[in-house]
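Visitor: Handing you this structure, nothing more for now.
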Amino acid sequence: MSVSHVTTHILDTSIGRPAPGVAVVLEARVGDGWSGIGTGLTDADGRVKELGPERLESGAYRLRFDTAAYFAGIETDTFFPEVVLTFQVDAEQAHYHVPLLLSPFAYSTYRGS
């Protein structure tokens with residue numbers, strides 16, 4: 001499979017390394033709700049390259065990260081058991097990379113390349 005239209009990676013900034021084994025769900029806005037269209041698990045480099053379709057229609061999407069399980073696995077308390085990032089996709093754009101910079105008590109994101 002080629003790379004999906006949306007990819008992500010997670011860097012655990014509290015330890016300065018990628019966050020492996022984090023479950024990620026890609027969802028599309030459908031009416032007033034959300035519908036899952038892809039799932040993945042971060043690899044040893046903290047990346048998910050195959051996360052849903054190769055092409056998406058224009059619209060609102062979101063990534064849900066299961067940060068509670070990740071931090072429990074490294075025996076670290078966290079304030080954010082889940083991180084949800086909502087963003088807009090333009091079908092004409094070739095690719096969206098949405099990274100997550102994560103620590104137990106903060107997170108940040110940006111549109112990557």
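Ligands are numbered from 1 in the order shown, chains are lettered A, B, ... in the order of the structure tokens, and residues start at 1 in each chain.
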Kindly assemble as JSON lines a list of the stretch 31-90 of chain A residues that lie within 9 Å of stretch 6-22 of chain A, each paired with its nearest atom pair and their distance in Å to one decimal, using only C-alpha atoms, sorted first by chain and then by ascending residue number.

Guide:
```
{"residue": "A:Gly40", "atom": "CA", "partner": "A:Val22", "partner_atom": "CA", "distance": 8.2}
{"residue": "A:Leu41", "atom": "CA", "partner": "A:Val22", "partner_atom": "CA", "distance": 5.3}
{"residue": "A:Thr42", "atom": "CA", "partner": "A:Gly21", "partner_atom": "CA", "distance": 5.0}
{"residue": "A:Asp43", "atom": "CA", "partner": "A:Pro20", "partner_atom": "CA", "distance": 5.2}
{"residue": "A:Ala44", "atom": "CA", "partner": "A:Pro20", "partner_atom": "CA", "distance": 4.9}
{"residue": "A:Asp45", "atom": "CA", "partner": "A:Pro18", "partner_atom": "CA", "distance": 5.5}
{"residue": "A:Gly46", "atom": "CA", "partner": "A:Pro18", "partner_atom": "CA", "distance": 4.6}
{"residue": "A:Arg47", "atom": "CA", "partner": "A:His9", "partner_atom": "CA", "distance": 4.1}
{"residue": "A:Val48", "atom": "CA", "partner": "A:Thr8", "partner_atom": "CA", "distance": 5.5}
{"residue": "A:Lys49", "atom": "CA", "partner": "A:Thr7", "partner_atom": "CA", "distance": 5.1}
{"residue": "A:Glu50", "atom": "CA", "partner": "A:Thr7", "partner_atom": "CA", "distance": 7.0}
{"residue": "A:Leu51", "atom": "CA", "partner": "A:Thr7", "partner_atom": "CA", "distance": 6.3}
{"residue": "A:Gly52", "atom": "CA", "partner": "A:Val6", "partner_atom": "CA", "distance": 7.4}
{"residue": "A:Pro53", "atom": "CA", "partner": "A:Val6", "partner_atom": "CA", "distance": 8.2}
{"residue": "A:Glu54", "atom": "CA", "partner": "A:Val6", "partner_atom": "CA", "distance": 8.0}
{"residue": "A:Arg55", "atom": "CA", "partner": "A:Val6", "partner_atom": "CA", "distance": 8.5}
{"residue": "A:Leu56", "atom": "CA", "partner": "A:Val6", "partner_atom": "CA", "distance": 8.5}
{"residue": "A:Leu63", "atom": "CA", "partner": "A:Thr8", "partner_atom": "CA", "distance": 8.8}
{"residue": "A:Phe65", "atom": "CA", "partner": "A:Val22", "partner_atom": "CA", "distance": 6.8}
{"residue": "A:Asp66", "atom": "CA", "partner": "A:Val22", "partner_atom": "CA", "distance": 6.2}
{"residue": "A:Thr67", "atom": "CA", "partner": "A:Val22", "partner_atom": "CA", "distance": 6.8}
{"residue": "A:Ala69", "atom": "CA", "partner": "A:Val22", "partner_atom": "CA", "distance": 7.4}
{"residue": "A:Tyr70", "atom": "CA", "partner": "A:Val22", "partner_atom": "CA", "distance": 5.7}
```

Visitor: Write a file of the just-selected residues containing N, CA, C and O atoms, as a CSV table (one decimal), in the first residue's frame.

Guide:
```csv
chain,number,residue,atom,x,y,z
A,40,GLY,N,-4.5,2.9,13.1
A,40,GLY,CA,-3.1,2.5,13.0
A,40,GLY,C,-2.4,2.5,14.4
A,40,GLY,O,-3.0,3.0,15.4
A,41,LEU,N,-1.2,2.1,14.4
A,41,LEU,CA,-0.4,2.0,15.7
A,41,LEU,C,1.0,2.6,15.3
A,41,LEU,O,1.5,2.2,14.3
A,42,THR,N,1.4,3.5,16.1
A,42,THR,CA,2.7,4.1,15.8
A,42,THR,C,3.8,3.0,15.9
A,42,THR,O,3.8,2.2,16.7
A,43,ASP,N,4.8,3.1,14.9
A,43,ASP,CA,5.8,2.1,14.8
A,43,ASP,C,7.0,2.6,15.8
A,43,ASP,O,6.8,3.5,16.6
A,44,ALA,N,8.1,1.9,15.7
A,44,ALA,CA,9.2,2.2,16.6
A,44,ALA,C,9.7,3.6,16.4
A,44,ALA,O,10.3,4.2,17.3
A,45,ASP,N,9.5,4.2,15.2
A,45,ASP,CA,9.9,5.6,15.0
A,45,ASP,C,8.8,6.6,15.3
A,45,ASP,O,8.8,7.7,15.0
A,46,GLY,N,7.7,6.1,15.9
A,46,GLY,CA,6.5,6.9,16.3
A,46,GLY,C,5.7,7.3,15.2
A,46,GLY,O,4.9,8.2,15.3
A,47,ARG,N,5.8,6.6,14.0
A,47,ARG,CA,5.0,7.0,12.8
A,47,ARG,C,3.9,6.1,12.4
A,47,ARG,O,4.0,4.9,12.7
A,48,VAL,N,2.9,6.6,11.8
A,48,VAL,CA,1.8,5.9,11.1
A,48,VAL,C,1.7,6.4,9.7
A,48,VAL,O,1.3,7.5,9.5
A,49,LYS,N,2.2,5.5,8.8
A,49,LYS,CA,2.2,5.9,7.4
A,49,LYS,C,0.9,5.4,6.6
A,49,LYS,O,0.6,6.0,5.6
A,50,GLU,N,0.3,4.4,7.1
A,50,GLU,CA,-0.9,3.8,6.5
A,50,GLU,C,-2.0,4.0,7.5
A,50,GLU,O,-2.3,3.2,8.4
A,51,LEU,N,-2.7,5.1,7.2
A,51,LEU,CA,-3.8,5.5,8.1
A,51,LEU,C,-5.0,6.0,7.3
A,51,LEU,O,-5.2,7.1,7.0
A,52,GLY,N,-5.8,5.0,6.8
A,52,GLY,CA,-6.9,5.4,6.0
A,52,GLY,C,-6.6,5.4,4.6
A,52,GLY,O,-5.6,5.0,4.1
A,53,PRO,N,-7.5,6.0,3.8
A,53,PRO,CA,-7.4,5.9,2.3
A,53,PRO,C,-6.3,6.8,1.8
A,53,PRO,O,-5.8,7.7,2.4
A,54,GLU,N,-5.9,6.4,0.5
A,54,GLU,CA,-4.8,7.2,-0.2
A,54,GLU,C,-5.3,8.6,-0.5
A,54,GLU,O,-4.5,9.5,-0.7
A,55,ARG,N,-6.6,8.7,-0.7
A,55,ARG,CA,-7.2,10.0,-1.1
A,55,ARG,C,-8.5,10.3,-0.2
A,55,ARG,O,-9.3,9.3,0.0
A,56,LEU,N,-8.6,11.5,0.2
A,56,LEU,CA,-9.8,11.9,1.0
A,56,LEU,C,-10.5,13.0,0.3
A,56,LEU,O,-9.9,13.8,-0.4
A,63,LEU,N,-7.9,13.3,14.2
A,63,LEU,CA,-7.1,12.1,14.7
A,63,LEU,C,-7.3,12.0,16.2
A,63,LEU,O,-7.2,13.0,16.9
A,65,PHE,N,-5.7,10.1,19.5
A,65,PHE,CA,-4.6,9.4,20.0
A,65,PHE,C,-4.9,8.8,21.4
A,65,PHE,O,-5.3,9.6,22.3
A,66,ASP,N,-4.6,7.5,21.6
A,66,ASP,CA,-4.9,6.9,22.9
A,66,ASP,C,-3.6,7.1,23.7
A,66,ASP,O,-2.8,6.2,23.9
A,67,THR,N,-3.5,8.3,24.3
A,67,THR,CA,-2.3,8.6,25.1
A,67,THR,C,-2.3,8.0,26.5
A,67,THR,O,-1.2,7.7,27.0
A,69,ALA,N,-3.1,4.8,27.3
A,69,ALA,CA,-2.4,3.5,27.2
A,69,ALA,C,-0.9,3.6,27.0
A,69,ALA,O,-0.2,2.9,27.6
A,70,TYR,N,-0.5,4.6,26.2
A,70,TYR,CA,0.9,4.8,26.0
A,70,TYR,C,1.6,5.2,27.3
A,70,TYR,O,2.6,4.6,27.7
```

Visitor: Residues at most 12 Å from A:Glu92, counting only C-alpha atoms, excluding those fewer than 4 positions away in the same chain, as a list in words?

Guide: His5, Arg55, Leu56, Glu57, Ser58, Gly59 and Tyr96 of chain A

Visitor: Those residues with all heavy atoms, as an mmCIF file, in the first residue's frame please?

Guide:
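Done, and the output landed in selection-v2.cif:
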```
data_model
loop_
_atom_site.group_PDB
_atom_site.id
_atom_site.type_symbol
_atom_site.label_atom_id
_atom_site.label_comp_id
_atom_site.auth_asym_id
_atom_site.auth_seq_id
_atom_site.Cartn_x
_atom_site.Cartn_y
_atom_site.Cartn_z
ATOM 1 N N HIS A 5 -3.377 9.496 2.627
ATOM 2 C CA HIS A 5 -3.508 10.947 2.445
ATOM 3 C C HIS A 5 -3.119 11.689 3.728
ATOM 4 O O HIS A 5 -2.558 12.778 3.686
ATOM 5 C CB HIS A 5 -4.947 11.271 2.048
ATOM 6 C CG HIS A 5 -5.102 12.589 1.370
ATOM 7 N ND1 HIS A 5 -6.245 12.947 0.716
ATOM 8 C CD2 HIS A 5 -4.283 13.644 1.222
ATOM 9 C CE1 HIS A 5 -6.125 14.161 0.207
ATOM 10 N NE2 HIS A 5 -4.941 14.607 0.503
ATOM 11 N N ARG A 55 -6.638 8.724 -0.747
ATOM 12 C CA ARG A 55 -7.229 10.021 -1.094
ATOM 13 C C ARG A 55 -8.462 10.259 -0.238
ATOM 14 O O ARG A 55 -9.266 9.346 -0.024
ATOM 15 C CB ARG A 55 -7.649 10.071 -2.567
ATOM 16 C CG ARG A 55 -6.537 9.922 -3.568
ATOM 17 C CD ARG A 55 -5.427 10.930 -3.522
ATOM 18 N NE ARG A 55 -5.872 12.306 -3.540
ATOM 19 C CZ ARG A 55 -5.159 13.331 -3.126
ATOM 20 N NH1 ARG A 55 -3.963 13.150 -2.625
ATOM 21 N NH2 ARG A 55 -5.616 14.542 -3.189
ATOM 22 N N LEU A 56 -8.613 11.484 0.235
ATOM 23 C CA LEU A 56 -9.782 11.888 1.013
ATOM 24 C C LEU A 56 -10.520 12.990 0.278
ATOM 25 O O LEU A 56 -9.910 13.789 -0.440
ATOM 26 C CB LEU A 56 -9.363 12.409 2.392
ATOM 27 C CG LEU A 56 -8.699 11.414 3.324
ATOM 28 C CD1 LEU A 56 -8.173 12.135 4.563
ATOM 29 C CD2 LEU A 56 -9.666 10.316 3.720
ATOM 30 N N GLU A 57 -11.807 13.060 0.515
ATOM 31 C CA GLU A 57 -12.594 14.179 0.014
ATOM 32 C C GLU A 57 -12.328 15.395 0.896
ATOM 33 O O GLU A 57 -11.897 15.260 2.040
ATOM 34 C CB GLU A 57 -14.081 13.831 0.064
ATOM 35 C CG GLU A 57 -14.480 12.693 -0.850
ATOM 36 C CD GLU A 57 -15.954 12.364 -0.761
ATOM 37 O OE1 GLU A 57 -16.729 13.151 -0.176
ATOM 38 O OE2 GLU A 57 -16.337 11.308 -1.277
ATOM 39 N N SER A 58 -12.598 16.575 0.365
ATOM 40 C CA SER A 58 -12.470 17.782 1.183
ATOM 41 C C SER A 58 -13.451 17.703 2.341
ATOM 42 O O SER A 58 -14.556 17.181 2.193
ATOM 43 C CB SER A 58 -12.777 19.027 0.336
ATOM 44 O OG SER A 58 -11.825 19.176 -0.683
ATOM 45 N N GLY A 59 -13.035 18.203 3.496
ATOM 46 C CA GLY A 59 -13.916 18.205 4.655
ATOM 47 C C GLY A 59 -13.149 18.198 5.955
ATOM 48 O O GLY A 59 -11.921 18.338 5.985
ATOM 49 N N TYR A 96 -1.271 15.246 3.799
ATOM 50 C CA TYR A 96 -1.327 15.951 5.087
ATOM 51 C C TYR A 96 -0.557 15.129 6.110
ATOM 52 O O TYR A 96 -0.861 13.950 6.327
ATOM 53 C CB TYR A 96 -2.777 16.117 5.561
ATOM 54 C CG TYR A 96 -3.529 17.166 4.796
ATOM 55 C CD1 TYR A 96 -4.171 16.855 3.596
ATOM 56 C CD2 TYR A 96 -3.593 18.473 5.252
ATOM 57 C CE1 TYR A 96 -4.851 17.824 2.886
ATOM 58 C CE2 TYR A 96 -4.274 19.446 4.538
ATOM 59 C CZ TYR A 96 -4.903 19.110 3.363
ATOM 60 O OH TYR A 96 -5.563 20.079 2.654
#
```

Visitor: Using DSSP on the backbone coordinates, identify the residues of chain A assigned to alpha helix (DSSP H); present them as a list in words.

Guide: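 Matching residues for alpha helix (DSSP H) in chain A are Thr67, Ala68, Ala69, Tyr70, Phe71, Ala72 and Gly73 of chain A.
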
Visitor: Please identify which residues in stretch 38-73 of chain A DSSP calls strand (DSSP E or B) from the backbone, and express them as a VMD selection string.

Guide: chain A and resid 38 to 41 47 to 48 59 to 65

Visitor: Record the distance separating atom CA of A:Phe80 and atom CA of A:Arg64, expressed in Å with one decimal.

Guide: 11.8 Å

Visitor: Pick out the residues sitting within 7 Å of A:Phe87, and hand them over as a ChimeraX atom specification; count only C-alpha atoms, and ignore anything fewer than 2 positions along from it in its own chain.

Guide: /A:60-62,85,89

Visitor: Just the selected residues (all heavy atoms), exported as a PDB file, in the first residue's frame, please.

Guide:
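Produced file selection_37.pdb, reproduced below:
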```pdb
ATOM      1  N   ALA A  60     -13.885  18.025   7.040  1.00  0.00           N
ATOM      2  CA  ALA A  60     -13.310  18.011   8.390  1.00  0.00           C
ATOM      3  C   ALA A  60     -12.954  16.583   8.794  1.00  0.00           C
ATOM      4  O   ALA A  60     -13.738  15.652   8.595  1.00  0.00           O
ATOM      5  CB  ALA A  60     -14.288  18.605   9.388  1.00  0.00           C
ATOM      6  N   TYR A  61     -11.779  16.444   9.378  1.00  0.00           N
ATOM      7  CA  TYR A  61     -11.281  15.152   9.850  1.00  0.00           C
ATOM      8  C   TYR A  61     -10.659  15.360  11.219  1.00  0.00           C
ATOM      9  O   TYR A  61     -10.359  16.477  11.626  1.00  0.00           O
ATOM     10  CB  TYR A  61     -10.230  14.593   8.875  1.00  0.00           C
ATOM     11  CG  TYR A  61     -10.829  14.241   7.544  1.00  0.00           C
ATOM     12  CD1 TYR A  61     -10.979  15.199   6.549  1.00  0.00           C
ATOM     13  CD2 TYR A  61     -11.285  12.948   7.288  1.00  0.00           C
ATOM     14  CE1 TYR A  61     -11.555  14.886   5.330  1.00  0.00           C
ATOM     15  CE2 TYR A  61     -11.861  12.629   6.068  1.00  0.00           C
ATOM     16  CZ  TYR A  61     -11.990  13.600   5.094  1.00  0.00           C
ATOM     17  OH  TYR A  61     -12.580  13.291   3.889  1.00  0.00           O
ATOM     18  N   ARG A  62     -10.446  14.246  11.901  1.00  0.00           N
ATOM     19  CA  ARG A  62      -9.736  14.346  13.174  1.00  0.00           C
ATOM     20  C   ARG A  62      -8.939  13.075  13.426  1.00  0.00           C
ATOM     21  O   ARG A  62      -9.265  11.996  12.929  1.00  0.00           O
ATOM     22  CB  ARG A  62     -10.685  14.646  14.328  1.00  0.00           C
ATOM     23  CG  ARG A  62     -11.601  13.531  14.744  1.00  0.00           C
ATOM     24  CD  ARG A  62     -12.516  13.998  15.864  1.00  0.00           C
ATOM     25  NE  ARG A  62     -13.368  12.908  16.341  1.00  0.00           N
ATOM     26  CZ  ARG A  62     -14.324  13.053  17.217  1.00  0.00           C
ATOM     27  NH1 ARG A  62     -14.584  14.262  17.712  1.00  0.00           N
ATOM     28  NH2 ARG A  62     -15.029  12.018  17.614  1.00  0.00           N
ATOM     29  N   LEU A  85      -7.150  15.838  17.558  1.00  0.00           N
ATOM     30  CA  LEU A  85      -6.757  16.942  16.695  1.00  0.00           C
ATOM     31  C   LEU A  85      -7.717  16.997  15.515  1.00  0.00           C
ATOM     32  O   LEU A  85      -7.812  16.045  14.740  1.00  0.00           O
ATOM     33  CB  LEU A  85      -5.331  16.746  16.174  1.00  0.00           C
ATOM     34  CG  LEU A  85      -4.242  16.534  17.229  1.00  0.00           C
ATOM     35  CD1 LEU A  85      -2.895  16.299  16.553  1.00  0.00           C
ATOM     36  CD2 LEU A  85      -4.179  17.714  18.176  1.00  0.00           C
ATOM     37  N   VAL A  89      -9.323  19.225   5.487  1.00  0.00           N
ATOM     38  CA  VAL A  89      -8.615  18.678   4.332  1.00  0.00           C
ATOM     39  C   VAL A  89      -9.169  19.283   3.057  1.00  0.00           C
ATOM     40  O   VAL A  89     -10.385  19.392   2.887  1.00  0.00           O
ATOM     41  CB  VAL A  89      -8.751  17.134   4.291  1.00  0.00           C
ATOM     42  CG1 VAL A  89      -8.335  16.575   2.936  1.00  0.00           C
ATOM     43  CG2 VAL A  89      -7.944  16.498   5.406  1.00  0.00           C
TER      44      VAL A  89
END
```

Visitor: Between A:Ser35, A:Thr76, A:Ser4, A:Ser108, which one has atoms that come closest to A:His95, using only C-alpha atoms?

Guide: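 For A:His95, the nearest of the given residues is A:Ser4.
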
Visitor: So what do you get for atom CA of A:Pro99 versus atom CA of A:Gly112, distance-wise?

Guide: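 Straight-line distance from atom CA of A:Pro99 to atom CA of A:Gly112 works out to 6.6 Å.
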
Visitor: Can you measure atom CA of A:Arg111 to atom CA of A:Val98 for me? One decimal in Å is fine.

Guide: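 Interatomic distance here is 5.2 Å.
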